[in-house]
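Student: Below is the file protein27.cif, with mmCIF, C-alpha atoms and all ligand atoms.
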```
data_entry
loop_
_atom_site.label_atom_id
_atom_site.label_comp_id
_atom_site.auth_asym_id
_atom_site.auth_seq_id
_atom_site.Cartn_x
_atom_site.Cartn_y
_atom_site.Cartn_z
CA MET C 1 105.93 -176.94 60.50
CA GLU C 2 106.46 -175.21 57.17
CA LEU C 3 106.48 -176.81 53.74
CA TYR C 4 107.69 -175.07 50.60
CA ARG C 5 106.89 -175.46 46.91
CA GLY C 6 108.99 -173.71 44.27
CA VAL C 7 107.50 -173.70 40.77
CA ASN C 8 107.69 -171.54 37.67
CA SER C 9 105.06 -169.98 35.43
CA GLY C 10 103.89 -172.28 32.70
CA ASN C 11 104.21 -175.39 34.85
CA LYS C 12 101.36 -177.82 34.18
CA THR C 13 99.90 -176.96 37.61
CA LEU C 14 99.34 -173.34 36.47
CA PRO C 15 100.84 -171.71 39.58
CA GLU C 16 100.28 -168.26 38.05
CA ARG C 17 96.56 -168.77 38.66
CA TYR C 18 97.01 -169.18 42.43
CA TYR C 19 95.10 -165.95 43.21
CA SER C 20 91.85 -167.19 41.64
CA ASP C 21 92.15 -170.98 41.39
CA GLY C 22 94.16 -171.79 44.51
CA LEU C 23 96.91 -174.38 44.07
CA LEU C 24 95.93 -176.79 41.30
CA THR C 25 97.31 -180.28 40.85
CA LYS C 26 98.25 -181.80 37.50
CA GLN C 27 95.12 -183.90 37.75
CA HIS C 28 93.19 -180.75 36.78
CA ASN C 29 91.71 -181.43 33.32
CA SER C 30 93.91 -184.52 32.95
CA GLY C 31 91.12 -186.60 31.44
CA ASP C 32 92.32 -189.56 33.48
CA ASP C 33 90.30 -191.52 35.98
CA PRO C 34 89.09 -189.10 38.69
CA GLU C 35 90.28 -191.52 41.35
CA PRO C 36 93.81 -192.56 40.31
CA HIS C 37 94.58 -193.84 43.79
CA LYS C 38 91.82 -196.43 43.27
CA LYS C 39 92.78 -197.20 39.67
CA TYR C 40 96.53 -197.60 40.27
CA GLY C 41 96.71 -198.01 44.05
CA TRP C 42 98.12 -195.59 46.59
CA LEU C 43 101.66 -196.94 46.41
CA ALA C 44 101.90 -196.59 42.61
CA THR C 45 100.48 -193.07 42.62
CA ILE C 46 102.93 -192.01 45.31
CA THR C 47 106.07 -193.73 43.98
CA ASN C 48 105.42 -192.68 40.37
CA HIS C 49 104.87 -189.13 41.50
CA ILE C 50 108.40 -189.21 42.88
CA HIS C 51 110.09 -191.20 40.12
CA PHE C 52 109.03 -192.82 36.83
CA THR C 53 110.86 -195.28 34.58
CA ASN C 54 108.34 -196.13 31.84
CA PRO C 55 105.45 -194.51 29.90
CA GLN C 56 102.75 -195.89 32.20
CA GLU C 57 104.52 -194.54 35.29
CA ARG C 58 105.20 -191.29 33.44
CA PHE C 59 101.47 -190.94 32.72
CA ILE C 60 100.68 -191.34 36.42
CA TYR C 61 103.38 -188.75 37.18
CA ASP C 62 101.92 -186.36 34.58
CA THR C 63 98.40 -186.58 36.01
CA THR C 64 99.28 -186.81 39.67
CA GLN C 65 96.81 -185.70 42.26
CA PHE C 66 99.66 -184.71 44.60
CA LEU C 67 101.43 -181.40 44.93
CA SER C 68 105.12 -181.70 45.85
CA PHE C 69 106.53 -179.68 48.71
CA SER C 70 109.81 -179.81 50.61
CA SER C 71 110.37 -179.23 54.29
CA ASN C 72 113.56 -177.38 53.26
CA ARG C 73 113.15 -173.91 51.76
CA ASP C 74 116.47 -174.00 49.89
CA ILE C 75 115.55 -177.28 48.22
CA ALA C 76 112.20 -175.82 47.16
CA LEU C 77 114.00 -172.77 45.76
CA SER C 78 116.35 -175.04 43.82
CA PHE C 79 113.32 -176.32 41.91
CA ILE C 80 112.79 -172.76 40.68
CA GLY C 81 116.34 -172.86 39.30
CA GLY C 82 115.53 -176.18 37.66
CA ALA C 83 117.87 -178.74 36.13
CA THR C 84 119.94 -176.00 34.45
CA ASN C 85 120.35 -174.00 37.69
CA ARG C 86 118.88 -170.82 36.25
CA ARG C 87 119.64 -167.82 38.42
CA PHE C 88 116.75 -165.87 39.90
CA GLU C 89 115.98 -163.16 42.42
CA PRO C 90 112.97 -161.86 44.35
CA ALA C 91 110.50 -159.97 42.17
CA MET C 92 107.27 -158.03 42.32
CA ARG C 93 104.02 -159.82 41.73
CA SER C 94 103.68 -157.93 38.42
CA ASN C 95 106.89 -159.36 36.93
CA ALA C 96 106.96 -162.74 38.66
CA GLU C 97 108.13 -165.70 36.59
CA ALA C 98 108.25 -168.16 39.46
CA PHE C 99 106.59 -168.67 42.81
CA LEU C 100 107.49 -170.03 46.20
CA PHE C 101 104.41 -171.22 48.06
CA THR C 102 104.78 -171.74 51.80
CA ALA C 103 102.28 -173.83 53.73
CA ASN C 104 102.29 -173.40 57.49
CA PHE C 105 100.84 -176.01 59.84
CA ALA C 106 100.41 -175.27 63.52
CA ASP C 107 101.24 -177.92 66.10
CA GLY C 108 98.30 -180.26 66.48
CA GLN C 109 96.73 -179.34 63.15
CA LEU C 110 97.93 -182.51 61.50
CA GLU C 111 96.24 -185.74 62.47
CA LYS C 112 98.42 -188.79 62.00
CA VAL C 113 96.56 -191.60 60.26
CA GLY C 114 99.47 -193.85 59.26
CA LYS C 115 103.25 -194.00 58.95
CA GLY C 116 104.16 -190.61 57.45
CA VAL C 117 100.52 -189.93 56.54
CA TYR C 118 98.44 -187.14 58.03
CA THR C 119 95.10 -185.45 57.44
CA PHE C 120 94.59 -181.73 57.66
CA SER C 121 91.40 -179.64 57.85
CA TYR C 122 91.25 -175.94 57.07
CA SER C 123 88.88 -173.06 56.48
CA CYS C 124 89.22 -171.27 53.14
CA ASN C 125 89.55 -167.50 53.06
CA TYR C 126 88.40 -165.85 49.85
CA GLY C 127 88.49 -162.50 51.62
CA ARG C 128 92.16 -162.45 50.59
CA CYS C 129 91.01 -161.92 46.99
CA THR C 130 89.88 -158.41 47.89
CA SER C 131 92.09 -157.53 50.84
CA ASP C 132 95.52 -159.18 50.43
CA ALA C 133 97.79 -157.44 47.90
CA ALA C 134 99.23 -160.80 46.83
CA PHE C 135 95.74 -162.02 45.84
CA VAL C 136 93.79 -158.92 44.77
CA SER C 137 92.79 -158.90 41.08
CA PRO C 138 90.15 -157.27 38.87
CA ILE C 139 88.00 -160.39 39.33
CA GLY C 140 88.81 -160.70 43.04
CA GLY C 141 85.29 -159.77 44.15
CA LEU C 142 83.86 -162.56 42.00
CA VAL C 143 86.16 -165.33 43.17
CA ARG C 144 84.37 -167.63 45.57
CA CYS C 145 84.89 -171.03 47.13
CA ASN C 146 82.69 -173.42 45.14
CA ILE C 147 81.87 -175.39 48.30
CA CYS C 148 81.55 -172.78 51.08
CA ASN C 149 79.53 -170.54 48.80
CA HIS C 150 76.71 -173.05 49.44
CA LEU C 151 77.85 -174.75 52.62
CA LYS C 152 78.81 -172.23 55.29
CA GLY C 153 81.31 -173.43 57.87
CA TYR C 154 82.61 -176.30 55.72
CA LEU C 155 86.09 -177.47 56.64
CA HIS C 156 88.31 -178.32 53.68
CA LYS C 157 90.45 -181.45 53.79
CA ALA C 158 93.83 -182.54 52.55
CA VAL C 159 96.11 -185.54 52.99
CA LEU C 160 99.80 -184.92 53.73
CA ILE C 161 102.46 -187.55 53.14
CA ASN C 162 106.01 -187.37 54.41
CA ALA C 163 107.39 -189.32 51.45
CA GLU C 164 110.62 -190.36 53.16
CA GLN C 165 108.80 -191.76 56.19
CA PHE C 166 106.12 -193.34 54.05
CA LEU C 167 108.72 -195.19 51.95
CA PHE C 168 111.10 -195.97 54.81
CA ASP C 169 109.97 -199.59 55.20
CA LEU C 170 109.78 -200.04 51.41
CA GLN C 171 113.36 -198.96 50.65
CA SER C 172 114.40 -202.32 49.23
CA ASP C 173 111.49 -202.32 46.76
CA TYR C 174 111.73 -198.61 45.87
CA PRO C 175 115.37 -197.59 46.36
CA GLU C 176 115.39 -194.72 43.84
CA GLU C 177 112.08 -193.33 45.00
CA TYR C 178 113.26 -193.48 48.61
CA GLN C 179 116.55 -191.73 47.78
CA LYS C 180 114.78 -188.93 45.91
CA ALA C 181 112.24 -188.45 48.70
CA LEU C 182 115.11 -188.32 51.21
CA TRP C 183 117.21 -185.86 49.18
CA ASP C 184 114.29 -183.59 48.38
CA LYS C 185 112.85 -183.80 51.93
CA GLU C 186 109.68 -184.32 49.98
CA TRP C 187 106.15 -184.02 51.27
CA LEU C 188 103.11 -184.63 49.11
CA ILE C 189 99.85 -182.81 49.65
CA MET C 190 96.70 -184.23 48.13
CA PRO C 191 93.56 -182.10 48.14
CA ALA C 192 90.65 -184.18 49.42
CA ASP C 193 87.49 -182.12 49.01
CA PRO C 194 84.51 -183.67 47.23
CA MET C 195 83.43 -182.55 43.78
CA VAL C 196 80.61 -180.00 43.86
CA ASP C 197 78.62 -181.94 41.28
CA LEU C 198 76.96 -184.70 43.30
CA SER C 199 77.56 -187.23 40.53
CA GLY C 200 81.24 -186.24 40.37
CA LYS C 201 83.77 -188.84 41.46
CA GLY C 202 87.03 -188.31 43.27
CA PHE C 203 88.32 -185.08 44.72
CA GLN C 204 88.61 -181.50 43.55
CA SER C 205 92.14 -180.97 42.26
CA ARG C 206 92.91 -177.82 44.23
CA LEU C 207 94.06 -176.50 47.56
CA PHE C 208 91.67 -173.65 48.18
CA ILE C 209 92.69 -170.08 48.94
CA ALA C 210 93.26 -170.08 52.69
CA ASP C 211 95.36 -168.50 55.41
CA PHE C 212 97.65 -171.52 55.84
CA TRP C 213 99.57 -170.80 52.62
CA SER C 214 101.28 -167.75 51.21
CA VAL C 215 103.22 -166.81 48.10
CA GLU C 216 106.55 -165.13 47.24
CA PHE C 217 107.59 -163.96 43.76
CA PHE C 218 110.78 -164.47 41.76
CA LYS C 219 112.11 -163.63 38.31
CA TYR C 220 114.96 -165.10 36.29
CA LEU C 221 118.25 -163.35 35.63
CA ASN C 222 119.21 -165.41 32.60
ZN ZN C 301 85.69 -173.07 51.18
#
```
Take the structure in the file and write it out as structure tokens.
Tutor:
Amino acid sequence: MELYRGVNSGNKTLPERYYSDGLLTKQHNSGDDPEPHKKYGWLATITNHIHFTNPQERFIYDTTQFLSFSSNRDIALSFIGGATNRRFEPAMRSNAEAFLFTANFADGQLEKVGKGVYTFSYSCNYGRCTSDAAFVSPIGGLVRCNICNHLKGYLHKAVLINAEQFLFDLQSDYPEEYQKALWDKEWLIMPADPMVDLSGKGFQSRLFIADFWSVEFFKYLN
């Protein structure tokens, strides 16, 4: 299964830093509670990620610990065009203004833990920072995984949510959220690795650099 995330430079998740920081969520430096799913509850964090109608819900949306993906590549690309349907075309890394991230999951790699909810384990690969043209940078040799650097063989973790399936039984309570999840073929990925600081609470707000995701580059025509 492949999931796609289209996003432009300057987005709050800082996609342009993918080659050193991995894929960051908006929770990065949000200043909010490090465990929003405990503070607000899973259902509120998920439904407000998809749709908000008031300032409190908007705040949860703005600090979400989820990254949105779509199972449909064209839908993910339409997010690069945005609400005004800006035109764009493939670009070089050097002049990229937007990114399409593709996450690839082999059969059996996802473990189902609930309706529409899965866990995923993966090894990071910071070798890409010195060997993969899409990731190489002047600081590439210095970029390390802050967990595996100390804990060899660690398997990273993430939670995947098929938003449409997850909300299927809740359609009457969350009709707009369900519709949006259905239209967008939306999947949410939540990084679930512990903080390095032992006193830290919650999860690190990044998907680490790893072989299961890749990047394509786009620039705008208008
Ligand atoms: Zn690692």
Student: Could you tell me, counting all atoms listed in the file, which protein and nucleic acid residues lie no more than 9 Å from ligand ZN 301 (chain C), written as a list in words?
Tutor: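 The residues within 9 Å of ligand ZN 301 (chain C), counting all atoms listed in the file, are Tyr122, Ser123, Cys124, Asn125, Tyr126, Arg144, Cys145, Asn146, Ile147, Cys148, Asn149, Leu151, Lys152, Gly153, Tyr154, Leu155, His156, Phe208, Ile209 and Ala210 of chain C.
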Student: Counting all atoms listed in the file, which of C:Phe120, C:Arg93, C:Tyr174, C:Thr130 gets nearest to Asp107 of chain C?
Tutor: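 Comparing C:Phe120, C:Arg93, C:Tyr174, C:Thr130 against Asp107 of chain C, the winner is C:Phe120.
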Student: Measuring between all atoms listed in the file, which one of C:Ser94, C:Ser121, C:Ser137, C:Asn222 shows the shortest distance to Gly108 of chain C?
Tutor: C:Ser121
Student: Calculated over all atoms listed in the file, which of the candidates C:Asn95, C:Gln165, C:Thr64, C:Thr25 has the smallest distance to Ser205 of chain C?
Tutor: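 Looking at the shortest contact to Ser205 of chain C, the residue is C:Thr25.
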Student: Which residues of segment 110-186 of chain C come within 8 Å of segment 48-53 of chain C, and what is each one's closest atom pair and distance in Å (one decimal), counting only C-alpha atoms, sorted by chain and residue number, as CSV?
Tutor:
```
residue,atom,partner,partner_atom,distance
C:Glu176,CA,C:His51,CA,7.4
C:Glu177,CA,C:His51,CA,5.7
C:Lys180,CA,C:Ile50,CA,7.1
C:Ala181,CA,C:Ile50,CA,7.0
```
Student: Keeping only C-alpha atoms, take the residues you just selected and write them out as a compact mmCIF listing (two decimals), keeping the file's coordinate frame.
Tutor:
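After the write, out-v6.txt holds the following:
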```
# COMPACT_ATOMS: atom_id res chain seq x y z
CA GLU C 176 115.39 -194.72 43.84
CA GLU C 177 112.08 -193.33 45.00
CA LYS C 180 114.78 -188.93 45.91
CA ALA C 181 112.24 -188.45 48.70
```
Student: Residues at most 8 Å from Gly140 of chain C, counting all atoms listed in the file, excluding those fewer than 3 positions away in the same chain, as a PDB file with C-alpha atoms, in the frame of the given file?
Tutor:
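So the final result, stored in result.pdb, reads:
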```pdb
ATOM      1  CA  SER C  20      91.850-167.190  41.640  1.00  0.00           C
ATOM      2  CA  CYS C 129      91.010-161.920  46.990  1.00  0.00           C
ATOM      3  CA  THR C 130      89.880-158.410  47.890  1.00  0.00           C
ATOM      4  CA  PHE C 135      95.740-162.020  45.840  1.00  0.00           C
ATOM      5  CA  VAL C 136      93.790-158.920  44.770  1.00  0.00           C
ATOM      6  CA  SER C 137      92.790-158.900  41.080  1.00  0.00           C
ATOM      7  CA  VAL C 143      86.160-165.330  43.170  1.00  0.00           C
TER       8      VAL C 143
END
```
Student: Go through C:Leu160, C:Leu142, C:Ile80, C:Ile46 one by one, measure the shortest atom-to-atom distance of each to Tyr118 of chain C using all atoms listed in the file, and give the residue with the smallest value.
Tutor: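 With all atoms listed in the file as the atom set, the closest residue is C:Leu160.
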Student: Would you kindly return, as a tab-separated table (two decimals) with C-alpha atoms, keeping the file's coordinate frame, each protein, DNA or RNA residue with an atom no farther than 12 Å from any atom of segment 83-85 of chain C, considering only C-alpha atoms and excluding same-chain residues fewer than 3 positions away?
Tutor:
```tsv
chain	number	residue	atom	x	y	z
C	77	LEU	CA	114.00	-172.77	45.76
C	78	SER	CA	116.35	-175.04	43.82
C	79	PHE	CA	113.32	-176.32	41.91
C	80	ILE	CA	112.79	-172.76	40.68
C	88	PHE	CA	116.75	-165.87	39.90
C	220	TYR	CA	114.96	-165.10	36.29
C	221	LEU	CA	118.25	-163.35	35.63
C	222	ASN	CA	119.21	-165.41	32.60
```
Student: For the atom pair atom CA of Gly22 of chain C and atom CA of Ser214 of chain C, what is the interatomic distance in Å to one decimal place?
Tutor: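 Going from atom CA of Gly22 of chain C over to atom CA of Ser214 of chain C covers 10.6 Å.
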Student: Restricting the calculation to all atoms listed in the file, which member of C:Ala44, C:Val215, C:Ala163, C:Ala96 is positioned closest to Ala134 of chain C?
Tutor: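 The closest residue to Ala134 of chain C is C:Val215.
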Student: For Leu14 of chain C, which of C:Leu167, C:Pro90, C:Glu2, C:Phe99 is the closest residue, counting all atoms listed in the file?
Tutor: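 Using all atoms listed in the file, Leu14 of chain C sits closest to C:Phe99.
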Student: If you measure from atom CA of Asp132 of chain C to atom CA of Phe203 of chain C, what distance in Å do you get, rounded to one decimal?
Tutor: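 Atom CA of Phe203 of chain C lies 27.5 Å from atom CA of Asp132 of chain C.
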Student: What is the atom CA of Glu216 of chain C to atom CA of Tyr61 of chain C distance in Å?
Tutor: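 Separation of atom CA of Glu216 of chain C and atom CA of Tyr61 of chain C: 25.9 Å.
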Student: Hey, what's within 8 Å of Leu3 of chain C if we count only C-alpha atoms and toss same-chain stuff fewer than 5 positions away? As a PyMOL selection string, please?
Tutor: chain C and resi 69-73+102-104+187
Student: Pull the neighbourhood of (93.4, -182.0, 47.6) for me: all residues within 9 Å in file coordinates, counting all atoms listed in the file, as a VMD selection string.
Tutor: chain C and resid 24 to 25 65 to 67 156 to 159 189 to 193 203 to 208
